[in-house]
Amino acid sequence: MQMMRNLAVFAVLVFVMASALGQIGDVTRPQNGTMPEPMDYYLRVMANRTSCDEPCTVHFWVEWNDPNLFLFRWDMNGDGKWDYPPQYGGSSLGIWTADWFLDYIFYDDYEGKVCVEGWDGISTKTVTYNGTALEGTPAVDGMTSLADMGWRFSPKIKMDVASLGFWRQNYTYPDLSIRLYNAYTGALLASCTPGGSGGNYWDWCKLVSPVALSTGWKYIVECHRTGTMSIPWTWIYPSRVSWKNFTYDGTYYHYGSSWLFVSNNSVPKCDLNFKVTKTEADASNSCLECNISNVAPRVSLSSPAVTATATLRIAGEKWHDVSAYVVDDGNETLMASLVREPGKPQETSFEISIDATKSSSLRIAYTPDDDKVNGQPNGANPAWLTFTFDSGPPVEMHHTFNVRHPDTWNWTVSLSSLLAGRDITFTATATDPGSDDLTFTWEWGDGSPATAKTYYNDGIGPDPYPSPGGTFPFAASDSEIHAYQAAGMYELKLIVRDDDGGTTEIPLVVVIV
């Protein structure tokens with residue numbers, strides 16, 4: 001990075017020296033008393049690529065031919081706010097860098113402009129603009145019911161407040177006014193009454209006279225009611241707000257004549273419209289269109305299974321043996337063997353996992369032909385099976401093996417049918433290559449309502465657009481419990497959707513037969 005900066009400075013010096021000697025690019029010295037043609041200066045932002053899939057690293061750089069430019073700043077999402085270098089604590093001229101190239105990671109899909117400004121470090125201009133603090137915040141994350149709500153702040157720059165407003169959450173608010181206070185003295189500086197009704201929109205009212213706010217002083221803007229009735233106010237998370245012109249202090253609730261401040265909790269959506277006049281850098285600018293495509297999440301679905309303890313007990317003629325096999329889609333696995341010995345009936349227990357996506361059974365095999373001779377070749381062996389689950393009643397079954405009846409030598413029990421009415425845990429993991437929030441929707445296929453759950457990248461609330469970054473790739477796991485009440489084949493469908501519409505569907509057949 002330092003080497004590239006040095007090269008950039010060296011290039012500027014060479015440009016200036018060449019101009020002094022008489023020629024550089026399209027600039028020439030006067031010949032025979034004539035003046036050269038005026039030069040068209042340009043500044044262009046360039047990139048190694050402008051289309052790719054999220055997450056995507058793009059190398060940007062600036063091309064320019066004005067030898068006076070040596071400072072730059074970058075807007076990476078076309079919102080008019082400079083992202084690099086960060087504009088924290090700078091003057092109205094902003095914070096600049098000598099970096100004329102930049103590697104930037106797009107964590108999320110983006111379709112829009114990347115812009116750069118170039119400045120000579122000297123030229124300035126006077127500008128006047130209006131703004132708000134909360135109105136442009138993309139998400140309304142909740143609602144609370146208190147009679148009066150507001151927030152405390154300090155302006156970062158001197159400003160005049162021209163109007164006040166609030167987000168009308170489809171309610172009629174009797175006795176409502178929006179107020180501006182001096183937070184030190186509690187003095188009421190301004191008040192006005194919005195004239196709208198119903199709907200979901202910003203409702204503004206104009207002040208009779210603008211109110212001047214001083215830099216660094218503390219003020220309160222409040223949605224106020226003269227009555228005591230609690231009514232819904234919308235609010236947002238402080239992390240969702242770009243505090244460009246204000247320092248946020250805390251959330252303010254007003255109960256009668258007492259004030260209660262709760263710092264860094266939430267911000268009620270009442271706002272002020274202000275006007276600022278300031279001196280800014282007079283800079284050249286250029287923008288480049290970029291298209292970062294969304295990529296649907298990858299999803300893996302674990303086989304849903306129910307665990308049970310099987311207990312096999314055998315009595316009757318001694319020395320005969322039985323073996324227990326779990327059969328999944330025709331594949332057998334030996335679970336236990338048991339020999340009937342003299343004395344009380346023998347028993348053994350073993351754990352089984354019943355896969356809800358397979359046709360599963362338990363086969364008890366009786367093989368008397370190779371057993372020890374005990375003087376009773378025509379005997380019989382009663383057997384019992386007991387299945388115990390984590391929840392619900394146990395299931396008991398009985399069968400008698402008979403040496404003279406080979407058709408009794410195989411006892412097959414359907415394990416899949418035991419799942420009817422029992423809780424089955426379904427687990428899936430999804431990974432978004434970018435930083436999108438993920439929503440899991442389970443459509444059970446038995447007529448019951450679908451189950452949906454959203455996992456936020458920041459663990460708090462919805463991802464705004466454009467995404468501010470976050471963890472990438474973003475992975476989330478979801479587990480849901482569902483019971484199928486009757487035997488049958490059920491077509492379950494899991495749908496995982498990211499917050500930009502990318503969708504992955506996984507079908508699954510649940511076997512309860």
# chains A, B, ... in the order shown; residues from 1 in each chain; ligands from 1
$ residues_around --residues "Leu338 (chain A)" --least-positions-apart "2" --cutoff "8 Å" --atoms "only C-alpha atoms" --output "ChimeraX atom specification"
/A:314,321-323,336,340,346-348
$ residues_around --residues "Lys206 (chain A)" --least-positions-apart "2" --cutoff "8 Å" --atoms "only C-alpha atoms" --output "list in words"
Ala162, Ser163, Leu164, Cys192, Trp204 and Val208 of chain A
$ write_last_selection --atoms "N, CA and C atoms" --output "PDB file, in the first residue's frame"
ATOM      1  N   ALA A 162     -36.493  23.187  11.075  1.00  0.00           N
ATOM      2  CA  ALA A 162     -37.607  23.834  10.378  1.00  0.00           C
ATOM      3  C   ALA A 162     -38.931  23.139  10.623  1.00  0.00           C
ATOM      4  N   SER A 163     -38.923  21.807  10.871  1.00  0.00           N
ATOM      5  CA  SER A 163     -40.168  21.072  11.087  1.00  0.00           C
ATOM      6  C   SER A 163     -39.896  19.833  11.918  1.00  0.00           C
ATOM      7  N   LEU A 164     -40.965  19.290  12.498  1.00  0.00           N
ATOM      8  CA  LEU A 164     -40.900  18.085  13.327  1.00  0.00           C
ATOM      9  C   LEU A 164     -41.901  17.075  12.789  1.00  0.00           C
ATOM     10  N   CYS A 192     -45.283  21.562  17.413  1.00  0.00           N
ATOM     11  CA  CYS A 192     -46.239  21.670  16.325  1.00  0.00           C
ATOM     12  C   CYS A 192     -47.077  20.404  16.279  1.00  0.00           C
ATOM     13  N   TRP A 204     -45.369  15.225   9.001  1.00  0.00           N
ATOM     14  CA  TRP A 204     -44.553  16.366   9.399  1.00  0.00           C
ATOM     15  C   TRP A 204     -45.413  17.601   9.644  1.00  0.00           C
ATOM     16  N   VAL A 208     -43.412  27.503  13.313  1.00  0.00           N
ATOM     17  CA  VAL A 208     -43.685  28.899  12.972  1.00  0.00           C
ATOM     18  C   VAL A 208     -42.383  29.619  12.658  1.00  0.00           C
TER      19      VAL A 208
END
$ residues_around --residues "Thr439 (chain A)" --least-positions-apart "4" --cutoff "8 Å" --atoms "only C-alpha atoms" --output "list in words"
Ala452, Lys453, Thr454, Tyr455, Val496, Arg497, Asp498 and Asp499 of chain A
$ atom_distance --atom1 "CA of Phe389 (chain A)" --atom2 "CA of Arg422 (chain A)"
8.9 Å
$ closest_residue --among "A:Ile506, A:Ala486, A:Leu272, A:Leu288" --to "Ile178 (chain A)" --atoms "only C-alpha atoms"
A:Leu272
$ atom_distance --atom1 "CA of Gly501 (chain A)" --atom2 "CA of Ala296 (chain A)"
7.9 Å
$ residues_around --residues "Trp444 (chain A)" --least-positions-apart "4" --cutoff "7 Å" --atoms "only C-alpha atoms" --output "JSON list (two decimals) with all heavy atoms, in the first residue's frame"
[["chain", "number", "residue", "atom", "x", "y", "z"],
["A", 448, "SER", "N", -51.29, -29.47, 8.28],
["A", 448, "SER", "CA", -51.06, -28.57, 9.41],
["A", 448, "SER", "C", -50.35, -27.31, 8.93],
["A", 448, "SER", "O", -49.71, -27.31, 7.88],
["A", 448, "SER", "CB", -50.25, -29.28, 10.49],
["A", 448, "SER", "OG", -48.98, -29.66, 9.98],
["A", 450, "ALA", "N", -47.73, -24.37, 8.19],
["A", 450, "ALA", "CA", -46.27, -24.35, 8.04],
["A", 450, "ALA", "C", -45.63, -23.65, 9.23],
["A", 450, "ALA", "O", -46.24, -22.82, 9.91],
["A", 450, "ALA", "CB", -45.90, -23.65, 6.74],
["A", 492, "LEU", "N", -42.93, -33.74, 2.81],
["A", 492, "LEU", "CA", -42.48, -32.53, 3.51],
["A", 492, "LEU", "C", -41.62, -31.70, 2.57],
["A", 492, "LEU", "O", -40.91, -32.24, 1.72],
["A", 492, "LEU", "CB", -41.69, -32.93, 4.75],
["A", 492, "LEU", "CG", -41.04, -31.83, 5.61],
["A", 492, "LEU", "CD1", -41.00, -32.29, 7.07],
["A", 492, "LEU", "CD2", -39.61, -31.53, 5.16],
["A", 493, "LYS", "N", -41.65, -30.38, 2.74],
["A", 493, "LYS", "CA", -40.80, -29.49, 1.94],
["A", 493, "LYS", "C", -40.20, -28.42, 2.85],
["A", 493, "LYS", "O", -40.92, -27.73, 3.57],
["A", 493, "LYS", "CB", -41.59, -28.84, 0.81],
["A", 493, "LYS", "CG", -40.72, -27.97, -0.10],
["A", 493, "LYS", "CD", -41.43, -27.63, -1.41],
["A", 493, "LYS", "CE", -42.68, -26.83, -1.21],
["A", 493, "LYS", "NZ", -43.29, -26.41, -2.49]]
$ residues_around --residues "Asn65 (chain A)" --least-positions-apart "5" --cutoff "8 Å" --atoms "only C-alpha atoms" --output "VMD selection string"
chain A and resid 41 to 43
$ write_last_selection --atoms "N, CA and C atoms" --output "compact mmCIF listing (two decimals), in the first residue's frame"
# COMPACT_ATOMS: atom_id res chain seq x y z
N TYR A 41 -9.91 18.23 -18.29
CA TYR A 41 -9.50 17.36 -17.20
C TYR A 41 -10.56 16.29 -16.98
N TYR A 42 -10.11 15.12 -16.58
CA TYR A 42 -11.06 14.05 -16.30
C TYR A 42 -10.63 13.32 -15.03
N LEU A 43 -11.63 12.67 -14.41
CA LEU A 43 -11.40 11.77 -13.28
C LEU A 43 -12.34 10.59 -13.48
$ residues_around --residues "region 143-157 of chain A" --least-positions-apart "5" --cutoff "7 Å" --atoms "only C-alpha atoms" --output "PyMOL selection string"
chain A and resi 214-225+228-235+245-254+267-268+270
$ write_last_selection --atoms "N, CA, C and O atoms" --output "compact mmCIF listing (two decimals), in the first residue's frame"
# COMPACT_ATOMS: atom_id res chain seq x y z
N SER A 214 -27.23 24.39 18.70
CA SER A 214 -25.79 24.59 18.80
C SER A 214 -25.04 23.27 18.80
O SER A 214 -25.53 22.27 19.33
N THR A 215 -23.86 23.29 18.23
CA THR A 215 -23.03 22.09 18.16
C THR A 215 -22.68 21.60 19.56
O THR A 215 -22.24 22.37 20.41
N GLY A 216 -22.91 20.30 19.81
CA GLY A 216 -22.52 19.68 21.07
C GLY A 216 -23.52 19.83 22.20
O GLY A 216 -23.36 19.19 23.24
N TRP A 217 -24.54 20.66 22.04
CA TRP A 217 -25.55 20.81 23.09
C TRP A 217 -26.50 19.63 23.04
O TRP A 217 -26.68 18.99 22.01
N LYS A 218 -27.18 19.36 24.17
CA LYS A 218 -28.11 18.24 24.26
C LYS A 218 -29.55 18.74 24.12
O LYS A 218 -29.94 19.73 24.75
N TYR A 219 -30.31 18.01 23.28
CA TYR A 219 -31.71 18.34 23.04
C TYR A 219 -32.53 17.05 23.07
O TYR A 219 -31.99 15.94 23.02
N ILE A 220 -33.84 17.23 23.14
CA ILE A 220 -34.78 16.10 23.12
C ILE A 220 -35.87 16.39 22.11
O ILE A 220 -36.46 17.48 22.12
N VAL A 221 -36.13 15.45 21.23
CA VAL A 221 -37.29 15.53 20.35
C VAL A 221 -38.27 14.46 20.83
O VAL A 221 -37.90 13.31 21.06
N GLU A 222 -39.54 14.86 21.01
CA GLU A 222 -40.50 13.99 21.69
C GLU A 222 -41.83 13.95 20.95
O GLU A 222 -42.33 14.97 20.47
N CYS A 223 -42.40 12.74 20.86
CA CYS A 223 -43.79 12.55 20.46
C CYS A 223 -44.63 12.69 21.73
O CYS A 223 -44.59 11.82 22.60
N HIS A 224 -45.40 13.76 21.84
CA HIS A 224 -46.02 14.13 23.11
C HIS A 224 -47.54 14.10 23.03
O HIS A 224 -48.13 14.47 22.01
N ARG A 225 -48.15 13.64 24.13
CA ARG A 225 -49.61 13.71 24.27
C ARG A 225 -49.96 14.43 25.56
O ARG A 225 -49.30 14.22 26.58
N THR A 228 -53.04 10.94 29.19
CA THR A 228 -52.20 9.91 29.82
C THR A 228 -52.39 8.55 29.16
O THR A 228 -51.78 7.58 29.58
N MET A 229 -53.22 8.46 28.14
CA MET A 229 -53.50 7.19 27.50
C MET A 229 -52.25 6.67 26.78
O MET A 229 -51.58 7.41 26.07
N SER A 230 -51.93 5.39 26.97
CA SER A 230 -50.83 4.78 26.24
C SER A 230 -51.29 4.41 24.85
O SER A 230 -52.35 3.83 24.67
N ILE A 231 -50.48 4.74 23.86
CA ILE A 231 -50.80 4.42 22.47
C ILE A 231 -49.55 3.91 21.78
O ILE A 231 -48.44 4.14 22.25
N PRO A 232 -49.69 3.17 20.68
CA PRO A 232 -48.51 2.57 20.04
C PRO A 232 -47.61 3.61 19.38
O PRO A 232 -48.07 4.48 18.68
N TRP A 233 -46.32 3.48 19.62
CA TRP A 233 -45.30 4.23 18.90
C TRP A 233 -44.36 3.24 18.24
O TRP A 233 -44.02 2.22 18.82
N THR A 234 -43.94 3.53 17.05
CA THR A 234 -42.94 2.67 16.43
C THR A 234 -41.55 3.08 16.90
O THR A 234 -41.33 4.22 17.29
N TRP A 235 -40.61 2.14 16.85
CA TRP A 235 -39.25 2.42 17.27
C TRP A 235 -38.28 1.59 16.45
O TRP A 235 -38.68 0.65 15.76
N ASN A 245 -25.19 13.38 11.46
CA ASN A 245 -25.25 14.76 11.95
C ASN A 245 -25.52 14.88 13.44
O ASN A 245 -25.59 15.98 13.97
N PHE A 246 -25.72 13.72 14.11
CA PHE A 246 -26.07 13.75 15.53
C PHE A 246 -25.25 12.73 16.29
O PHE A 246 -24.81 11.72 15.75
N THR A 247 -25.06 13.01 17.57
CA THR A 247 -24.55 12.03 18.51
C THR A 247 -25.74 11.52 19.31
O THR A 247 -26.41 12.30 19.99
N TYR A 248 -26.00 10.22 19.21
CA TYR A 248 -27.16 9.65 19.91
C TYR A 248 -26.82 9.44 21.37
O TYR A 248 -25.77 8.91 21.72
N ASP A 249 -27.73 9.83 22.24
CA ASP A 249 -27.48 9.76 23.68
C ASP A 249 -28.23 8.60 24.34
O ASP A 249 -27.69 7.88 25.14
N GLY A 250 -29.51 8.43 24.04
CA GLY A 250 -30.28 7.37 24.69
C GLY A 250 -31.75 7.51 24.39
O GLY A 250 -32.19 8.46 23.76
N THR A 251 -32.53 6.55 24.84
CA THR A 251 -33.97 6.58 24.64
C THR A 251 -34.64 7.26 25.82
O THR A 251 -34.27 7.04 26.97
N TYR A 252 -35.68 8.04 25.53
CA TYR A 252 -36.31 8.86 26.56
C TYR A 252 -37.79 8.52 26.66
O TYR A 252 -38.50 8.47 25.67
N TYR A 253 -38.24 8.19 27.85
CA TYR A 253 -39.67 7.97 28.09
C TYR A 253 -40.16 9.06 29.04
O TYR A 253 -39.50 9.39 30.01
N HIS A 254 -41.34 9.58 28.77
CA HIS A 254 -41.86 10.69 29.56
C HIS A 254 -43.11 10.23 30.31
O HIS A 254 -44.12 9.89 29.71
N VAL A 267 -34.85 3.59 19.66
CA VAL A 267 -35.14 4.98 19.31
C VAL A 267 -36.57 5.07 18.79
O VAL A 267 -36.91 4.42 17.80
N PRO A 268 -37.45 5.84 19.44
CA PRO A 268 -38.79 6.04 18.90
C PRO A 268 -38.74 6.88 17.63
O PRO A 268 -37.90 7.76 17.49
N CYS A 270 -39.75 9.56 16.15
CA CYS A 270 -40.10 10.95 15.98
C CYS A 270 -38.82 11.67 15.59
O CYS A 270 -37.73 11.31 16.05
$ select_by_dssp --residues "region 340-477 of chain A" --states "strand (DSSP E or B)" --output "PyMOL selection string"
chain A and resi 346-355+360-366+380-389+395-402+410-414+423-432+438-443+451-455+474-477
$ closest_atom_pairs --of "region 342-456 of chain A" --to "region 467-476 of chain A" --cutoff "6 Å" --atoms "only C-alpha atoms" --output "Markdown table"
| residue | atom | partner | partner_atom | distance |
| --- | --- | --- | --- | --- |
| A:Thr429 | CA | A:Ala476 | CA | 5.8 |
| A:Ala430 | CA | A:Ala476 | CA | 5.6 |
| A:Thr431 | CA | A:Ala475 | CA | 4.2 |
| A:Asp432 | CA | A:Phe474 | CA | 5.2 |
| A:Pro433 | CA | A:Pro473 | CA | 4.4 |
| A:Gly434 | CA | A:Pro473 | CA | 5.1 |
| A:Ser435 | CA | A:Phe472 | CA | 4.9 |
$ residues_around --residues "region 384-388 of chain A" --least-positions-apart "6" --cutoff "6 Å" --atoms "only C-alpha atoms" --output "tab-separated table (two decimals) with N, CA and C atoms, in the first residue's frame"
chain	number	residue	atom	x	y	z
A	308	ALA	N	-35.32	-44.92	20.34
A	308	ALA	CA	-36.11	-45.73	21.27
A	308	ALA	C	-35.21	-46.81	21.86
A	309	THR	N	-35.61	-47.33	23.01
A	309	THR	CA	-34.94	-48.47	23.62
A	309	THR	C	-35.82	-49.70	23.41
A	310	ALA	N	-35.25	-50.71	22.76
A	310	ALA	CA	-35.98	-51.96	22.51
A	310	ALA	C	-35.52	-53.01	23.51
A	311	THR	N	-36.45	-53.66	24.17
A	311	THR	CA	-36.13	-54.73	25.12
A	311	THR	C	-36.74	-56.03	24.59
A	312	LEU	N	-35.90	-57.04	24.36
A	312	LEU	CA	-36.33	-58.34	23.86
A	312	LEU	C	-36.22	-59.35	25.00
A	313	ARG	N	-37.32	-60.10	25.21
A	313	ARG	CA	-37.38	-61.08	26.31
A	313	ARG	C	-37.85	-62.40	25.73
A	394	PRO	N	-44.98	-46.57	26.36
A	394	PRO	CA	-44.24	-47.64	25.69
A	394	PRO	C	-45.17	-48.50	24.83
A	395	VAL	N	-44.56	-49.25	23.92
A	395	VAL	CA	-45.32	-50.15	23.05
A	395	VAL	C	-44.84	-51.57	23.33
A	396	GLU	N	-45.78	-52.49	23.59
A	396	GLU	CA	-45.43	-53.87	23.89
A	396	GLU	C	-46.02	-54.79	22.83
A	397	MET	N	-45.25	-55.84	22.44
A	397	MET	CA	-45.68	-56.81	21.44
A	397	MET	C	-45.28	-58.21	21.90
A	398	HIS	N	-46.03	-59.23	21.39
A	398	HIS	CA	-45.77	-60.61	21.79
A	398	HIS	C	-45.78	-61.51	20.56
$ closest_residue --among "A:Leu438, A:Phe166, A:Val161, A:Glu317" --to "Asp371 (chain A)" --atoms "only C-alpha atoms"
A:Glu317
$ closest_residue --among "A:Ala281, A:Val306, A:Leu71, A:Leu362" --to "Asn331 (chain A)" --atoms "only C-alpha atoms"
A:Leu362
